[in-house]
Every structure is written in structure tokens, then in C-alpha cells.
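Student: One file is attached below, model_6.cif, containing mmCIF, C-alpha atoms and all ligand atoms.
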data_coords
loop_
_atom_site.label_atom_id
_atom_site.label_comp_id
_atom_site.auth_asym_id
_atom_site.auth_seq_id
_atom_site.Cartn_x
_atom_site.Cartn_y
_atom_site.Cartn_z
CA MET A 1 81.24 86.83 112.04
CA ARG A 2 78.54 89.42 112.57
CA LEU A 3 78.89 93.09 111.64
CA TYR A 4 76.73 95.61 113.49
CA ASP A 5 76.40 98.35 110.94
CA PHE A 6 74.44 101.30 109.52
CA LEU A 7 74.35 101.36 105.75
CA ASP A 8 74.92 105.10 105.36
CA SER A 9 77.98 104.98 107.63
CA GLY A 10 81.39 105.37 106.02
CA ASN A 11 82.91 103.76 109.11
CA GLY A 12 80.72 100.72 108.53
CA TYR A 13 81.56 100.78 104.83
CA LYS A 14 85.28 100.38 105.63
CA ALA A 15 84.55 96.99 107.19
CA ARG A 16 82.02 96.00 104.48
CA LEU A 17 84.46 96.87 101.70
CA LEU A 18 87.34 94.90 103.20
CA LEU A 19 85.13 91.90 104.04
CA HIS A 20 83.99 91.91 100.42
CA LYS A 21 87.55 92.14 99.10
CA LEU A 22 88.61 89.25 101.35
CA GLY A 23 85.57 87.18 100.38
CA SER A 24 84.83 86.62 104.08
CA PRO A 25 81.27 85.54 104.84
CA TYR A 26 79.48 87.50 107.57
CA ASP A 27 76.03 88.47 108.79
CA ARG A 28 75.21 92.16 108.68
CA ILE A 29 72.96 93.54 111.41
CA GLU A 30 71.57 96.96 110.50
CA LEU A 31 71.10 99.32 113.46
CA ASP A 32 69.35 102.61 112.76
CA ILE A 33 71.52 105.20 114.50
CA LEU A 34 68.85 107.83 113.80
CA GLU A 35 66.43 105.83 115.95
CA GLY A 36 68.88 105.27 118.81
CA GLU A 37 69.31 101.57 118.04
CA THR A 38 72.99 101.69 119.05
CA ARG A 39 72.05 103.00 122.49
CA THR A 40 69.87 100.13 123.69
CA GLU A 41 70.98 98.16 126.76
CA ALA A 42 71.41 95.08 124.57
CA PHE A 43 73.81 96.83 122.20
CA LEU A 44 75.62 98.77 124.95
CA ALA A 45 76.42 95.37 126.48
CA LYS A 46 78.28 94.59 123.24
CA ASN A 47 79.85 98.03 122.68
CA PRO A 48 79.67 100.37 125.68
CA ASN A 49 80.53 103.24 123.31
CA GLY A 50 77.14 102.77 121.60
CA ARG A 51 78.45 103.08 118.06
CA VAL A 52 78.75 101.05 114.90
CA PRO A 53 80.57 99.41 113.28
CA ALA A 54 81.28 96.59 115.70
CA LEU A 55 82.46 93.17 114.60
CA GLU A 56 81.30 90.18 116.63
CA LEU A 57 83.69 87.28 116.26
CA ASP A 58 82.65 83.64 116.31
CA ASP A 59 83.70 83.29 119.97
CA GLY A 60 81.45 86.22 120.94
CA THR A 61 84.21 88.82 121.31
CA VAL A 62 83.05 92.21 120.04
CA LEU A 63 85.56 94.48 118.33
CA PRO A 64 84.37 98.08 117.80
CA GLU A 65 86.23 100.94 116.01
CA SER A 66 86.32 100.76 112.24
CA ASN A 67 90.08 101.03 111.87
CA ALA A 68 90.75 98.36 114.51
CA ILE A 69 88.34 96.12 112.59
CA LEU A 70 90.30 96.78 109.38
CA VAL A 71 93.61 95.82 111.00
CA TYR A 72 92.09 92.67 112.52
CA LEU A 73 90.51 91.53 109.26
CA ALA A 74 93.51 92.41 107.08
CA GLU A 75 96.08 90.37 109.01
CA GLY A 76 97.87 88.03 106.60
CA SER A 77 96.33 89.62 103.50
CA ARG A 78 97.68 91.98 100.82
CA PHE A 79 95.97 94.88 102.63
CA LEU A 80 98.30 94.90 105.67
CA PRO A 81 102.05 95.07 105.02
CA GLN A 82 104.44 92.68 106.77
CA ASP A 83 107.15 95.31 107.07
CA ARG A 84 107.30 96.94 110.53
CA LEU A 85 107.61 100.53 109.31
CA ALA A 86 104.95 100.12 106.62
CA ARG A 87 102.52 98.71 109.22
CA ALA A 88 103.19 101.69 111.46
CA GLN A 89 102.64 104.01 108.48
CA CYS A 90 99.24 102.39 107.92
CA LEU A 91 98.41 103.19 111.54
CA GLN A 92 99.76 106.72 111.03
CA TRP A 93 97.20 107.39 108.27
CA MET A 94 94.41 105.65 110.17
CA PHE A 95 95.02 107.84 113.21
CA PHE A 96 95.10 110.85 110.87
CA GLU A 97 91.76 109.71 109.46
CA GLN A 98 90.20 109.51 112.90
CA TYR A 99 91.62 112.76 114.24
CA ASN A 100 91.83 115.15 111.28
CA HIS A 101 89.54 113.75 108.59
CA GLU A 102 86.50 111.85 109.87
CA PRO A 103 85.55 114.34 112.61
CA SER A 104 85.14 117.08 109.97
CA ILE A 105 84.24 115.40 106.67
CA ALA A 106 81.99 112.67 108.08
CA VAL A 107 80.31 115.03 110.53
CA ALA A 108 79.60 117.65 107.83
CA ARG A 109 78.10 114.87 105.70
CA TYR A 110 75.99 113.64 108.60
CA ILE A 111 74.67 117.14 109.31
CA LEU A 112 73.74 117.77 105.67
CA ARG A 113 72.12 114.36 105.21
CA HIS A 114 70.39 113.85 108.51
CA THR A 115 69.51 117.20 110.08
CA PRO A 116 66.74 119.49 108.82
CA ASP A 117 67.38 122.89 107.22
CA GLY A 118 67.58 125.39 110.04
CA SER A 119 69.02 122.89 112.51
CA PRO A 120 71.40 124.61 114.97
CA ARG A 121 73.96 121.97 113.95
CA ARG A 122 74.27 123.71 110.56
CA ALA A 123 76.27 126.43 112.36
CA GLU A 124 79.12 123.89 112.66
CA LEU A 125 79.49 123.61 108.88
CA PRO A 126 81.96 126.50 108.18
CA THR A 127 84.43 125.23 110.80
CA LEU A 128 84.02 121.64 109.59
CA ALA A 129 84.63 122.83 106.01
CA GLU A 130 87.85 124.54 107.03
CA LYS A 131 89.14 121.51 108.93
CA GLY A 132 88.03 119.04 106.25
CA ASN A 133 89.75 121.03 103.52
CA ALA A 134 92.92 121.10 105.60
CA ALA A 135 92.80 117.28 105.80
CA LEU A 136 92.16 117.00 102.06
CA GLY A 137 95.15 119.30 101.50
CA VAL A 138 97.39 116.97 103.50
CA MET A 139 96.20 114.03 101.39
CA GLU A 140 96.66 115.95 98.15
CA ARG A 141 100.25 116.76 99.02
CA HIS A 142 101.08 113.21 100.11
CA LEU A 143 99.66 111.84 96.86
CA GLU A 144 101.73 114.20 94.67
CA SER A 145 104.38 111.53 94.28
CA ARG A 146 102.50 108.38 95.30
CA GLN A 147 99.83 106.05 94.01
CA TYR A 148 98.71 104.85 97.46
CA PHE A 149 99.09 106.09 101.03
CA VAL A 150 101.63 103.46 102.08
CA GLY A 151 104.03 101.68 99.75
CA ASP A 152 102.98 100.90 96.22
CA GLN A 153 99.76 98.98 96.80
CA LEU A 154 96.35 99.42 98.30
CA SER A 155 96.25 98.92 102.08
CA VAL A 156 93.99 99.42 105.07
CA ALA A 157 95.19 103.05 105.12
CA ASP A 158 93.59 103.64 101.70
CA ILE A 159 90.38 101.85 102.68
CA ALA A 160 90.11 103.93 105.88
CA LEU A 161 90.59 107.21 103.99
CA TYR A 162 88.53 106.24 100.95
CA ALA A 163 85.35 105.63 102.97
CA TYR A 164 84.46 109.26 103.67
CA THR A 165 86.60 110.95 101.00
CA HIS A 166 84.66 109.42 98.11
CA VAL A 167 81.41 110.85 99.50
CA ALA A 168 82.93 114.14 100.70
CA ASP A 169 80.75 116.02 98.18
CA GLN A 170 77.76 114.95 100.33
CA GLY A 171 79.38 116.96 103.13
CA GLY A 172 79.68 120.02 100.92
CA PHE A 173 83.30 119.46 99.87
CA ASP A 174 84.39 120.23 96.33
CA LEU A 175 87.11 117.78 95.29
CA SER A 176 87.86 119.53 91.99
CA GLY A 177 90.73 121.38 93.65
CA TYR A 178 92.32 118.06 94.69
CA PRO A 179 93.32 116.29 91.45
CA ASN A 180 95.69 113.84 93.14
CA VAL A 181 92.96 112.84 95.58
CA GLN A 182 90.51 112.39 92.70
CA ALA A 183 92.96 110.18 90.78
CA TRP A 184 93.59 108.14 93.93
CA LEU A 185 89.82 107.70 94.52
CA ALA A 186 89.50 106.28 91.00
CA ARG A 187 92.49 104.00 91.63
CA VAL A 188 90.96 102.63 94.85
CA ALA A 189 87.57 102.11 93.21
CA SER A 190 89.21 100.19 90.35
CA ASP A 191 90.84 97.69 92.72
CA SER A 192 88.71 94.59 92.23
CA PRO A 193 86.54 93.40 93.86
CA HIS A 194 84.85 96.60 94.95
CA ILE A 195 81.41 97.50 96.30
CA PRO A 196 79.74 100.89 96.67
CA ILE A 197 78.82 102.34 100.06
CA THR A 198 75.16 101.63 99.31
CA ALA A 199 75.74 97.85 99.07
CA GLY A 200 74.68 95.99 102.20
N1 LIG B 1 85.63 105.98 115.83
C1 LIG B 1 84.49 105.17 115.50
C2 LIG B 1 83.32 106.07 115.15
C3 LIG B 1 82.02 105.30 115.09
C4 LIG B 1 80.83 106.21 114.90
O1 LIG B 1 80.88 107.42 115.10
N2 LIG B 1 79.74 105.56 114.50
C5 LIG B 1 78.51 106.28 114.25
C6 LIG B 1 78.03 105.93 112.84
S1 LIG B 1 79.23 106.45 111.64
C7 LIG B 1 77.46 105.80 115.23
O2 LIG B 1 77.35 104.63 115.50
N3 LIG B 1 76.65 106.72 115.77
C8 LIG B 1 75.55 106.36 116.61
C9 LIG B 1 75.56 107.01 117.93
O3 LIG B 1 76.50 107.80 118.23
O4 LIG B 1 74.61 106.77 118.68
C10 LIG B 1 84.83 104.24 114.33
O5 LIG B 1 85.73 104.58 113.53
O6 LIG B 1 84.24 103.17 114.20
#
Step by step, read the file and then write its structure as C-alpha cells.
Tutor:
Amino acid sequence: MRLYDFLDSGNGYKARLLLHKLGSPYDRIELDILEGETRTEAFLAKNPNGRVPALELDDGTVLPESNAILVYLAEGSRFLPQDRLARAQCLQWMFFEQYNHEPSIAVARYILRHTPDGSPRRAELPTLAEKGNAALGVMERHLESRQYFVGDQLSVADIALYAYTHVADQGGFDLSGYPNVQAWLARVASDSPHIPITAG
């Protein structure tokens, strides 16, 4: 398998982390999104949406979308429940991640890390902070009585939400007001094997 990726991307990290946990060999192709490398004709032929991550399977099929990649890779492993409702609950949290969490927390992080001081994009930060904190509040409440997002073990739902939550401080978010989220982050990081987002 071949993973088209960008090392600083939390979406890419989801796939990298699960591949590492599964011990699945793969080639990682780094595309610099800041230099438009996901928008070349060659890459658009693989993923017309021009974004990473995208997983190229051995038969040449290309699967984009980080959470779809997680579900594909996790099939038959401890990270994807067999139970029908539990599987749907994994999807529930992965859709939440894509609609309520990533568009605010990941985007705030991107703006702070990759746009210069004074960029007009910085005007988006207060709204992103409000929406991101709302998402963190939903997570905090869910984790009041739970160790993991679905059932009693780590799943693709946790991996999807961990990716940008554990670096939310880089988007200007203060996690000190979310003790359940902090405890859950430590729990996810202690599930072995683990790699940091900086590991390619
Ligand atoms: N919903 C997609 C989002 C992918 C995405 O936004 N990727 C960013 C990096 S995190 C990207 O490739 N940006 C480059 C571009 O838009 O040209 C997923 O979860 O994989």
C-alpha cells in the first residue's frame, strides 16, 4: 500500500497511527500541501478532491478521506467492533469529527501554523475557537462516564478524534478545562504501539 500524506496533517496521522498499530507495511509519499503538490494533474487523477491522505491499494484503487481509510484498514481488527450498533456508533463519532471538530480545531491549527501574522485568515480564529470549544464540550460530556468513545476499548472513533485533539493547543485551544478529554488523550497515547504525529 502507498499512503499519500503530509506529515503535519492530523488527517494523515490517523492513517499513519492505525497502520503502525496494525503493523502493516506501506510506502509513505509526502506531498507538500503548502506548495500545491496535492493539486497537480498527476495527483488529481488519483484523488479529484486534491487532498491527502489518500491510500493507494495494491490493485491501484485510491481511497481518500481519512475516516474511510480508518474503517477500511481496521476491518477484522480490534479497532472496529463486530457489533452492528457499535460499528454505527464509530461512524457517528467519525461524522461528528468531520462536521463539528476538524473544521474548527484543525483549521485554527492550520491558520496559526501556516499563515503569517496579519493574514486575513486570522479573522476566522474567534469563530473557530467558539465552534471548537463546543465540540470539545461534547467530547468532555460523553467521556464523563466512559473510557473510550465506543464500548470499552480503543476504536477507530478514538483514533479519528485523537488526531487533532491532542494538538488542539497548536490551534489556540486550552484543554485544561476538559479533564475527561485530557485523561482520554493519555489513555489513547498509552495504547501500545503508538507513534507521535511527527513520525513519518
Ligand atoms: N475530509 C478529508 C480532509 C482532507 C484534508 O483537508 N486534507 C488537507 C490536509 S489535512 C489537504 O490535503 N489540503 C491540501 C489542499 O486542500 O490542497 C479527510 O478527512 O481526509
Student: I'd like to know which of A:Arg2, A:His194, A:Lys14, A:Arg146 is closest to A:Leu161, using only C-alpha atoms.
Tutor: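 Result for the nearest residue to A:Leu161: A:Lys14.
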Student: Just need the box for ligand LIG 1 (chain B), edges along x, y and z, holding every atom the file lists for it with 4 Å tacked onto each side, so centre and edge lengths in Å to one decimal, as AutoDock Vina command-line options.
Tutor:
--center_x 80.2 --center_y 105.5 --center_z 115.2 --size_x 19.1 --size_y 12.6 --size_z 15.0
Student: Tell me which of A:Trp93, A:Tyr162, A:Tyr178, A:Tyr99 sits closest to ligand LIG 1 (chain B), counting all atoms listed in the file.
Tutor: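 Closest to ligand LIG 1 (chain B), using all atoms listed in the file: A:Tyr99.
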Student: List all protein, DNA and RNA residues that have any atom at most 10 Å from ligand LIG 1 (chain B), counting all atoms listed in the file, and write the list as a VMD selection string.
Tutor: chain A and resid 4 to 15 31 to 40 49 to 54 63 to 70 94 to 95 97 to 99 102 to 103 106 to 107 110 160 164
Student: Expressed in Å to a single decimal, how great is the separation between atom CA of A:Ala189 and atom CA of A:Asp83?
Tutor: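 Answer for the atom CA of A:Ala189 to atom CA of A:Asp83 separation: 24.9 Å.
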Student: To one decimal place, how far is atom CA of A:Leu143 from atom CA of A:Val181 in Å?
Tutor: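 Separation of atom CA of A:Leu143 and atom CA of A:Val181: 6.9 Å.
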Student: Using all atoms listed in the file, which residue out of A:Ala183, A:Leu154, A:Leu73, A:Leu22 lies closest to A:Ala86?
Tutor: A:Leu154
Student: Atom CA of A:Arg87 and atom CA of A:Leu185 are how many Å apart?
Tutor: 21.4 Å
Student: Calculated over all atoms listed in the file, which of the candidates A:Gly151, A:Gly177, A:Pro25, A:Pro116 has the smallest distance to A:Gln82?
Tutor: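 Smallest distance to A:Gln82 is found for A:Gly151.
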Student: Select, from A:Gln153, A:Ala108, A:Arg84, A:Thr115, the residue with the minimum atom-to-atom distance to A:Lys131, counting all atoms listed in the file.
Tutor: A:Ala108
Student: Find, counting only C-alpha atoms, the residue in A:Met1, A:Glu30, A:Glu75, A:Ser190 that gets nearest to A:Thr61.
Tutor: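 Checking each of A:Met1, A:Glu30, A:Glu75, A:Ser190 against A:Thr61, counting only C-alpha atoms, the winner is A:Met1.
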